[in-house]
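This report concerns only the one structure given below.
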Amino acid sequence: MQSYEPITLPHLTNEMVVNARKTRLCSFAVALEGWRRGLTLKWYTADSKYYDDMIVFGVNPPGRLYSLSSDKRTEYFFRTRGRKVSNEAVELSDDKYVTKQILAKAGVPVPLGKGFPAEATNEEIIEYGKNLGFPLVVKPVDGSLGWGVVTNIRDEQELAESLEYVRGDLNYEAVIVEQYIVGPEYRLYVIEDQVVAAYNRIPANIVGNGKDTIEELIRLKNQLRRKNARLSDCLIEIDVEILNFINEAGYTLDSVLPKGKKLYIREKSNVSIGGDPIDVTDELSDEIKEIGIRALKAMPGFAHGGVDIIINEGNVTREPAVVLELNATAQIGGILFPIEGESRDIPKAIIDYYFPETIGVEKADPRVYFDMSTVLEPLENRSSQEVEVIPAPMGEIYSKKFIVNGIVMKENYHRWLREQAHILNLHGHIERLYYNSIEILVAGTDPEAITKFKKLINQSKSARVDKITEQDYSGPIKVGFEINERYDINRFRSSAAALRVLNRDYIRLDRKKNRVVKDNNHIKNSTSWKVSAPIRKIGRLFK
């Protein structure tokens, strides 16, 4: 398997975002940037009154709605969207056909097509499609993440089948039928007159190495995606579409793909279903960027957001590119953690836009971050409707790691050390390493406080310290001070206590195992797995 080192911003590493996945990643990245600049950060639940001020769609657990405040004002955000994007713009852009009409009226190039309400019959939609001309695309008026989009429909029969699938099986009754434009797709993130970032979304693909089967290559590709903070939850799942692509290319899951051979296994390029995000910010022409800016300006109250375009390579239209849709709450994880290129700092651009007075001010050390799960716990357990994050320690951070050996496993000793760290305004953690050995990480803006803490390590009556080894540390610093208790039989006063912890850990691991078994059963019982059975059987015969 090829080696892969995730591409990240130095101040937004994988370690920092481990508890901020999917749409939380967008919120966390923007909130973290503002928090590091000294702005007051608060998070809210869906029950909060502040949800009345911002239009949101669907179920929204904690981690999406937050505010950042300076001494002069407060700005509210939903994921990447602030209140400079009006509610009217959100509602209009959510309807893809209305968006198409607004853009076309403003002279922004869009694919030719028409929207049909739920009352429209499949027959009249098919008749329109025949007159427009194949190939076509069918997509929901209000869909998202690429769900329900059927592309490259080549004839009347395929159009009828696509409508049955989208309107019947998926229950997206209101649809758009439009031209199918051949060319690469791009997501531009635009703030007023500036394209802050752009990335190419390539459909799910694998590259042969001459020895592994296609099924194994998909598994290996998923291993690479798991290392990427944005892609770790967007794995390539083998379904009917993938099996059809493999079959049409003359292969089966058991085929060995020739070395260097690139095989696309999906039509759509959405990252959420296996697409690869590739940064193209510097390569994209000014002409294409200008189309994105014009699209943004065409929508009233749309100050910043995502613009999805496709480069015209099939000569369907005279325009160099057409705009597919606008996204008022665009996900930015793909450009923060691309597969290739550079990570682009959209969070910085958003905070610059909303709080220009913070540009150039003293910031917290870029290694400092807060843990999303810890912060949101009071909101998730319903004990509070809002929570304020402790202020970021401003200025340069000094840090040290101490490996402490001796009789140092007692919990009251660890709690005492944590109390001393709090008194000295230090952040860090205590981690059990192995028998009679712990790791202590301490960090703060005062190097003298770290020196004082080191002297305190062997001054507790609850422990006997035999050796302290000091090490330099330059990694990320999580605010607060945690005691991370790994299981160690030697720390228990009784076998009963040890059994209680063992039983708790067993339950936790058993739940994980059950989830894996459930997922596997779901795949085996799925229609795609059953449909693909003959293909897999034939592949084994010729292996």
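A note on labels: chains of the structure tokens are A, B, ... as shown, every chain counts residues from 1, and ligands are counted from 1 in their shown order.
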| message | Please list as a VMD selection string every residue within 9 Å of range 304-313 of chain A, counting only C-alpha atoms and excluding residues in the same chain fewer than 6 positions away. | response | chain A and resid 80 to 82 84 to 85 110 181 to 192 288 291 to 293 295 to 296 319 to 332 350
Go ahead and write the residues just picked, N, CA and C atoms, as a compact mmCIF listing (two decimals), in the first residue's frame.
```txt
# COMPACT_ATOMS: atom_id res chain seq x y z
N THR A 80 -20.33 26.89 9.13
CA THR A 80 -19.47 27.92 8.54
C THR A 80 -20.23 29.21 8.24
N ARG A 81 -21.54 29.19 8.43
CA ARG A 81 -22.36 30.32 8.02
C ARG A 81 -22.59 31.29 9.17
N GLY A 82 -22.26 32.57 8.93
CA GLY A 82 -22.55 33.61 9.90
C GLY A 82 -23.79 34.38 9.48
N LYS A 84 -24.10 37.25 8.29
CA LYS A 84 -24.01 38.08 7.09
C LYS A 84 -24.60 37.36 5.88
N VAL A 85 -24.87 36.08 6.03
CA VAL A 85 -25.65 35.34 5.04
C VAL A 85 -27.08 35.37 5.53
N VAL A 110 -25.55 28.57 -16.30
CA VAL A 110 -26.06 27.39 -15.61
C VAL A 110 -26.48 26.37 -16.66
N ILE A 181 -23.41 18.04 -18.13
CA ILE A 181 -22.19 18.71 -18.57
C ILE A 181 -21.00 17.83 -18.24
N VAL A 182 -20.18 17.53 -19.24
CA VAL A 182 -19.00 16.69 -19.03
C VAL A 182 -17.82 17.57 -18.65
N GLY A 183 -17.19 17.26 -17.53
CA GLY A 183 -16.02 18.01 -17.11
C GLY A 183 -15.79 17.88 -15.62
N PRO A 184 -14.63 18.33 -15.13
CA PRO A 184 -14.32 18.25 -13.70
C PRO A 184 -15.17 19.20 -12.87
N GLU A 185 -15.52 18.76 -11.67
CA GLU A 185 -16.32 19.58 -10.76
C GLU A 185 -15.42 20.26 -9.74
N TYR A 186 -15.79 21.48 -9.37
CA TYR A 186 -15.02 22.22 -8.39
C TYR A 186 -15.95 22.83 -7.35
N ARG A 187 -15.48 22.86 -6.12
CA ARG A 187 -16.15 23.60 -5.06
C ARG A 187 -15.29 24.82 -4.76
N LEU A 188 -15.86 26.00 -4.96
CA LEU A 188 -15.18 27.25 -4.64
C LEU A 188 -15.76 27.79 -3.34
N TYR A 189 -14.89 28.28 -2.46
CA TYR A 189 -15.39 28.98 -1.28
C TYR A 189 -15.10 30.47 -1.50
N VAL A 190 -16.19 31.25 -1.56
CA VAL A 190 -16.08 32.65 -1.94
C VAL A 190 -16.55 33.53 -0.78
N ILE A 191 -15.79 34.58 -0.50
CA ILE A 191 -16.19 35.61 0.44
C ILE A 191 -16.20 36.93 -0.32
N GLU A 192 -17.39 37.41 -0.62
CA GLU A 192 -17.60 38.62 -1.41
C GLU A 192 -16.82 38.57 -2.73
N ILE A 288 -12.60 31.42 -14.44
CA ILE A 288 -13.47 30.50 -13.69
C ILE A 288 -13.80 31.08 -12.32
N ILE A 291 -16.55 33.61 -12.45
CA ILE A 291 -17.89 33.03 -12.54
C ILE A 291 -18.41 32.71 -11.14
N GLY A 292 -17.54 32.18 -10.28
CA GLY A 292 -17.94 31.90 -8.90
C GLY A 292 -18.32 33.15 -8.13
N ILE A 293 -17.56 34.20 -8.32
CA ILE A 293 -17.85 35.47 -7.64
C ILE A 293 -19.16 36.06 -8.14
N ALA A 295 -21.67 34.43 -9.34
CA ALA A 295 -22.77 33.60 -8.81
C ALA A 295 -23.12 34.02 -7.38
N LEU A 296 -22.10 34.26 -6.58
CA LEU A 296 -22.33 34.68 -5.19
C LEU A 296 -23.08 36.00 -5.15
N GLU A 319 -20.13 28.51 -22.69
CA GLU A 319 -19.48 29.04 -21.49
C GLU A 319 -18.33 28.13 -21.06
N PRO A 320 -17.25 28.70 -20.47
CA PRO A 320 -16.13 27.88 -20.00
C PRO A 320 -16.51 26.99 -18.82
N ALA A 321 -17.54 27.40 -18.08
CA ALA A 321 -18.00 26.63 -16.92
C ALA A 321 -19.42 27.03 -16.61
N VAL A 322 -20.12 26.15 -15.90
CA VAL A 322 -21.48 26.47 -15.47
C VAL A 322 -21.58 26.24 -13.97
N VAL A 323 -22.46 26.99 -13.32
CA VAL A 323 -22.68 26.86 -11.89
C VAL A 323 -23.78 25.84 -11.64
N LEU A 324 -23.49 24.87 -10.80
CA LEU A 324 -24.46 23.81 -10.49
C LEU A 324 -25.36 24.21 -9.33
N GLU A 325 -24.78 24.78 -8.28
CA GLU A 325 -25.59 25.20 -7.13
C GLU A 325 -24.76 26.05 -6.18
N LEU A 326 -25.47 26.69 -5.26
CA LEU A 326 -24.85 27.47 -4.19
C LEU A 326 -25.12 26.77 -2.87
N ASN A 327 -24.19 26.89 -1.94
CA ASN A 327 -24.34 26.25 -0.63
C ASN A 327 -24.06 27.27 0.46
N ALA A 328 -25.11 27.66 1.16
CA ALA A 328 -24.96 28.70 2.19
C ALA A 328 -24.25 28.18 3.43
N THR A 329 -24.29 26.87 3.63
CA THR A 329 -23.64 26.27 4.81
C THR A 329 -22.65 25.23 4.31
N ALA A 330 -21.72 25.69 3.52
CA ALA A 330 -20.81 24.77 2.83
C ALA A 330 -19.85 24.08 3.80
N GLN A 331 -19.67 22.78 3.59
CA GLN A 331 -18.63 22.07 4.33
C GLN A 331 -17.27 22.47 3.78
N ILE A 332 -16.32 22.66 4.67
CA ILE A 332 -14.99 23.10 4.26
C ILE A 332 -13.91 22.06 4.59
N ILE A 350 -12.80 33.63 7.27
CA ILE A 350 -14.13 33.91 7.83
C ILE A 350 -14.03 34.82 9.04
```
| said: At a cut-off of 8 Å, using only C-alpha atoms, what residues contact Pro62 in chain A? Leave out same-chain residues fewer than 5 positions from it and give the result as a list in words. | reply: Trp43, Tyr44, Thr45, Ala46, Leu376, Leu379 and Glu380 of chain A
| note | Asn87 in chain A proximity check over A:Ala421, A:Val256, A:Ile477, A:Ala303, using only C-alpha atoms: winner is A:Ala303
| request: Could you give me, as a PyMOL selection string, each residue of range 248-400 of chain A that DSSP assigns to alpha helix (DSSP H) when run on this structure's backbone? | output: chain A and resi 248+286-298+333-336+346-354+372-380
| task | Just the residues within 8 Å of Ile397 in chain A, please, counting only C-alpha atoms, with nothing from its chain fewer than 2 positions along; format it as JSON, numbers by chain. | result | {"A": [365, 395, 399, 443, 444, 445, 446]}
Near range 168-173 of chain A, 12 Å: range 49-141 of chain A residue rows, closest pairs, only C-alpha atoms, as JSON lines:
```
{"residue": "A:Gly115", "atom": "CA", "partner": "A:Glu173", "partner_atom": "CA", "distance": 10.9}
{"residue": "A:Phe116", "atom": "CA", "partner": "A:Glu173", "partner_atom": "CA", "distance": 8.5}
{"residue": "A:Pro117", "atom": "CA", "partner": "A:Glu173", "partner_atom": "CA", "distance": 7.1}
{"residue": "A:Ala118", "atom": "CA", "partner": "A:Glu173", "partner_atom": "CA", "distance": 4.6}
{"residue": "A:Glu119", "atom": "CA", "partner": "A:Glu173", "partner_atom": "CA", "distance": 8.0}
{"residue": "A:Ala120", "atom": "CA", "partner": "A:Glu173", "partner_atom": "CA", "distance": 8.6}
{"residue": "A:Thr121", "atom": "CA", "partner": "A:Glu173", "partner_atom": "CA", "distance": 9.8}
{"residue": "A:Asn122", "atom": "CA", "partner": "A:Glu173", "partner_atom": "CA", "distance": 10.1}
{"residue": "A:Ile125", "atom": "CA", "partner": "A:Glu173", "partner_atom": "CA", "distance": 11.7}
{"residue": "A:Val138", "atom": "CA", "partner": "A:Tyr172", "partner_atom": "CA", "distance": 10.7}
{"residue": "A:Lys139", "atom": "CA", "partner": "A:Tyr172", "partner_atom": "CA", "distance": 8.5}
{"residue": "A:Pro140", "atom": "CA", "partner": "A:Tyr172", "partner_atom": "CA", "distance": 5.7}
{"residue": "A:Val141", "atom": "CA", "partner": "A:Tyr172", "partner_atom": "CA", "distance": 7.9}
```
Can you spit out the residues from that selection as a PDB file, in the first residue's frame, using N, CA, C and O atoms?
```
ATOM      1  N   GLY A 115     -37.290  22.794 -13.363  1.00  0.00           N
ATOM      2  CA  GLY A 115     -37.740  22.166 -12.136  1.00  0.00           C
ATOM      3  C   GLY A 115     -39.176  21.703 -12.260  1.00  0.00           C
ATOM      4  O   GLY A 115     -39.998  22.348 -12.915  1.00  0.00           O
ATOM      5  N   PHE A 116     -39.490  20.582 -11.625  1.00  0.00           N
ATOM      6  CA  PHE A 116     -40.842  20.033 -11.655  1.00  0.00           C
ATOM      7  C   PHE A 116     -41.335  19.810 -10.225  1.00  0.00           C
ATOM      8  O   PHE A 116     -40.628  19.205  -9.414  1.00  0.00           O
ATOM      9  N   PRO A 117     -42.547  20.283  -9.900  1.00  0.00           N
ATOM     10  CA  PRO A 117     -43.083  20.104  -8.549  1.00  0.00           C
ATOM     11  C   PRO A 117     -43.510  18.664  -8.312  1.00  0.00           C
ATOM     12  O   PRO A 117     -43.539  17.832  -9.236  1.00  0.00           O
ATOM     13  N   ALA A 118     -43.891  18.379  -7.087  1.00  0.00           N
ATOM     14  CA  ALA A 118     -44.291  17.023  -6.725  1.00  0.00           C
ATOM     15  C   ALA A 118     -45.505  16.548  -7.523  1.00  0.00           C
ATOM     16  O   ALA A 118     -45.677  15.349  -7.761  1.00  0.00           O
ATOM     17  N   GLU A 119     -46.346  17.509  -7.959  1.00  0.00           N
ATOM     18  CA  GLU A 119     -47.570  17.129  -8.667  1.00  0.00           C
ATOM     19  C   GLU A 119     -47.306  16.701 -10.106  1.00  0.00           C
ATOM     20  O   GLU A 119     -48.164  16.089 -10.755  1.00  0.00           O
ATOM     21  N   ALA A 120     -46.161  17.043 -10.649  1.00  0.00           N
ATOM     22  CA  ALA A 120     -45.853  16.711 -12.038  1.00  0.00           C
ATOM     23  C   ALA A 120     -45.788  15.199 -12.230  1.00  0.00           C
ATOM     24  O   ALA A 120     -45.339  14.459 -11.357  1.00  0.00           O
ATOM     25  N   THR A 121     -46.228  14.733 -13.382  1.00  0.00           N
ATOM     26  CA  THR A 121     -46.185  13.298 -13.675  1.00  0.00           C
ATOM     27  C   THR A 121     -44.850  12.942 -14.324  1.00  0.00           C
ATOM     28  O   THR A 121     -44.185  13.780 -14.933  1.00  0.00           O
ATOM     29  N   ASN A 122     -44.473  11.691 -14.180  1.00  0.00           N
ATOM     30  CA  ASN A 122     -43.242  11.226 -14.807  1.00  0.00           C
ATOM     31  C   ASN A 122     -43.307  11.372 -16.331  1.00  0.00           C
ATOM     32  O   ASN A 122     -42.297  11.652 -16.987  1.00  0.00           O
ATOM     33  N   ILE A 125     -42.427  14.893 -17.380  1.00  0.00           N
ATOM     34  CA  ILE A 125     -40.994  15.125 -17.159  1.00  0.00           C
ATOM     35  C   ILE A 125     -40.179  14.441 -18.260  1.00  0.00           C
ATOM     36  O   ILE A 125     -39.218  15.014 -18.796  1.00  0.00           O
ATOM     37  N   VAL A 138     -30.857  14.096 -13.427  1.00  0.00           N
ATOM     38  CA  VAL A 138     -32.038  14.257 -12.575  1.00  0.00           C
ATOM     39  C   VAL A 138     -31.555  14.412 -11.147  1.00  0.00           C
ATOM     40  O   VAL A 138     -30.719  13.628 -10.674  1.00  0.00           O
ATOM     41  N   LYS A 139     -32.062  15.446 -10.449  1.00  0.00           N
ATOM     42  CA  LYS A 139     -31.661  15.638  -9.052  1.00  0.00           C
ATOM     43  C   LYS A 139     -32.809  16.260  -8.262  1.00  0.00           C
ATOM     44  O   LYS A 139     -33.659  16.957  -8.827  1.00  0.00           O
ATOM     45  N   PRO A 140     -32.860  16.000  -6.953  1.00  0.00           N
ATOM     46  CA  PRO A 140     -33.906  16.582  -6.121  1.00  0.00           C
ATOM     47  C   PRO A 140     -33.780  18.102  -6.049  1.00  0.00           C
ATOM     48  O   PRO A 140     -32.663  18.637  -6.091  1.00  0.00           O
ATOM     49  N   VAL A 141     -34.892  18.775  -5.926  1.00  0.00           N
ATOM     50  CA  VAL A 141     -34.872  20.230  -5.759  1.00  0.00           C
ATOM     51  C   VAL A 141     -34.193  20.614  -4.454  1.00  0.00           C
ATOM     52  O   VAL A 141     -33.480  21.617  -4.380  1.00  0.00           O
TER      53      VAL A 141
END
```
| task | For Lys221 in chain A, please output as an MDAnalysis selection string all residues within 10 Å (counting only C-alpha atoms; exclusion window: fewer than 3 positions along the same chain). | result | chainID A and resid 1:2 204:207 215:218 224:226 235:236 274
| message | as number ranges by chain, please: the residues near Lys461 in chain A (cut-off 12 Å, only C-alpha atoms, same-chain neighbours under 2 positions excluded). | response | A: 407-408, 410, 412-414, 416-417, 456-459, 463-465
How would the residues just chosen look if you wrote them out with all heavy atoms as a compact mmCIF listing (two decimals), in the first residue's frame?
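That gives us part_39.txt:
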```txt
# COMPACT_ATOMS: atom_id res chain seq x y z
N ILE A 407 6.34 4.71 43.17
CA ILE A 407 5.00 4.33 43.63
C ILE A 407 4.10 5.53 43.34
O ILE A 407 3.86 6.39 44.19
CB ILE A 407 5.01 3.98 45.13
CG1 ILE A 407 6.11 2.96 45.42
CG2 ILE A 407 3.64 3.43 45.55
CD1 ILE A 407 5.97 1.66 44.64
N VAL A 408 3.62 5.60 42.10
CA VAL A 408 2.97 6.83 41.62
C VAL A 408 1.61 6.57 40.96
O VAL A 408 1.11 7.41 40.21
CB VAL A 408 3.89 7.56 40.61
CG1 VAL A 408 5.14 8.08 41.30
CG2 VAL A 408 4.27 6.64 39.45
N LYS A 410 -1.39 5.96 42.50
CA LYS A 410 -2.60 6.23 43.28
C LYS A 410 -3.39 7.40 42.69
O LYS A 410 -2.83 8.42 42.30
CB LYS A 410 -2.22 6.52 44.73
CG LYS A 410 -1.64 5.32 45.47
CD LYS A 410 -1.35 5.66 46.92
CE LYS A 410 -0.78 4.46 47.67
NZ LYS A 410 -0.48 4.78 49.08
N ASN A 412 -5.41 9.47 44.23
CA ASN A 412 -5.38 10.72 45.00
C ASN A 412 -4.11 11.52 44.72
O ASN A 412 -4.11 12.75 44.77
CB ASN A 412 -5.54 10.46 46.49
CG ASN A 412 -4.51 9.49 47.04
OD1 ASN A 412 -3.82 8.81 46.29
ND2 ASN A 412 -4.39 9.43 48.36
N TYR A 413 -3.03 10.84 44.36
CA TYR A 413 -1.81 11.53 43.96
C TYR A 413 -2.03 12.28 42.64
O TYR A 413 -1.62 13.43 42.48
CB TYR A 413 -0.67 10.52 43.81
CG TYR A 413 0.62 11.10 43.27
CD1 TYR A 413 1.23 12.21 43.86
CD2 TYR A 413 1.23 10.54 42.15
CE1 TYR A 413 2.43 12.73 43.34
CE2 TYR A 413 2.42 11.03 41.64
CZ TYR A 413 3.01 12.14 42.24
OH TYR A 413 4.18 12.65 41.73
N HIS A 414 -2.71 11.62 41.71
CA HIS A 414 -3.00 12.25 40.42
C HIS A 414 -3.92 13.44 40.59
O HIS A 414 -3.73 14.49 39.94
CB HIS A 414 -3.61 11.23 39.46
CG HIS A 414 -2.70 10.08 39.17
ND1 HIS A 414 -3.09 8.97 38.45
CD2 HIS A 414 -1.40 9.84 39.51
CE1 HIS A 414 -2.09 8.12 38.34
NE2 HIS A 414 -1.05 8.62 39.00
N TRP A 416 -4.15 15.29 43.21
CA TRP A 416 -3.37 16.33 43.85
C TRP A 416 -2.50 17.07 42.82
O TRP A 416 -2.41 18.29 42.83
CB TRP A 416 -2.48 15.71 44.94
CG TRP A 416 -1.62 16.71 45.67
CD1 TRP A 416 -1.98 17.53 46.69
CD2 TRP A 416 -0.23 17.00 45.40
NE1 TRP A 416 -0.92 18.31 47.10
CE2 TRP A 416 0.17 18.00 46.31
CE3 TRP A 416 0.70 16.51 44.50
CZ2 TRP A 416 1.45 18.52 46.35
CZ3 TRP A 416 1.98 17.02 44.52
CH2 TRP A 416 2.36 18.02 45.43
N LEU A 417 -1.88 16.31 41.91
CA LEU A 417 -1.08 16.93 40.86
C LEU A 417 -1.94 17.83 39.96
O LEU A 417 -1.53 18.92 39.57
CB LEU A 417 -0.41 15.85 40.00
CG LEU A 417 0.77 15.10 40.63
CD1 LEU A 417 1.20 13.94 39.74
CD2 LEU A 417 1.95 16.04 40.89
N LEU A 456 7.20 20.13 42.68
CA LEU A 456 6.08 19.60 43.47
C LEU A 456 5.83 18.12 43.22
O LEU A 456 5.17 17.45 44.03
CB LEU A 456 4.81 20.38 43.15
CG LEU A 456 4.74 21.84 43.62
CD1 LEU A 456 3.55 22.54 43.00
CD2 LEU A 456 4.66 21.88 45.14
N ILE A 457 6.34 17.57 42.12
CA ILE A 457 6.02 16.20 41.73
C ILE A 457 6.35 15.20 42.83
O ILE A 457 5.62 14.24 43.06
CB ILE A 457 6.74 15.83 40.41
CG1 ILE A 457 6.12 16.60 39.25
CG2 ILE A 457 6.67 14.33 40.14
CD1 ILE A 457 6.83 16.40 37.92
N ASN A 458 7.49 15.41 43.52
CA ASN A 458 7.89 14.43 44.56
C ASN A 458 7.61 14.93 45.97
O ASN A 458 8.23 14.48 46.93
CB ASN A 458 9.36 14.08 44.40
CG ASN A 458 10.26 15.30 44.54
OD1 ASN A 458 9.78 16.40 44.83
ND2 ASN A 458 11.56 15.10 44.33
N GLN A 459 6.66 15.86 46.12
CA GLN A 459 6.37 16.41 47.45
C GLN A 459 5.04 15.96 48.03
O GLN A 459 4.59 16.48 49.04
CB GLN A 459 6.41 17.94 47.37
CG GLN A 459 7.80 18.50 47.11
CD GLN A 459 7.86 20.01 47.13
OE1 GLN A 459 6.95 20.67 47.62
NE2 GLN A 459 8.95 20.58 46.59
N ALA A 463 2.66 9.52 47.32
CA ALA A 463 3.49 8.83 46.33
C ALA A 463 4.94 8.79 46.78
O ALA A 463 5.37 9.57 47.63
CB ALA A 463 3.37 9.53 44.99
N ARG A 464 5.68 7.85 46.20
CA ARG A 464 7.12 7.82 46.38
C ARG A 464 7.77 7.88 45.00
O ARG A 464 7.64 6.96 44.19
CB ARG A 464 7.55 6.52 47.07
CG ARG A 464 9.02 6.53 47.52
CD ARG A 464 9.53 5.15 47.81
NE ARG A 464 9.80 4.40 46.58
CZ ARG A 464 9.74 3.07 46.49
NH1 ARG A 464 9.39 2.35 47.54
NH2 ARG A 464 10.02 2.47 45.34
N VAL A 465 8.40 9.01 44.72
CA VAL A 465 8.99 9.24 43.42
C VAL A 465 10.46 8.82 43.44
O VAL A 465 11.24 9.33 44.24
CB VAL A 465 8.87 10.72 43.01
CG1 VAL A 465 9.60 10.97 41.70
CG2 VAL A 465 7.40 11.12 42.89
```
| remark: Students should find that CA of Asp466 in chain A and CA of Met409 in chain A are spaced 12.8 Å
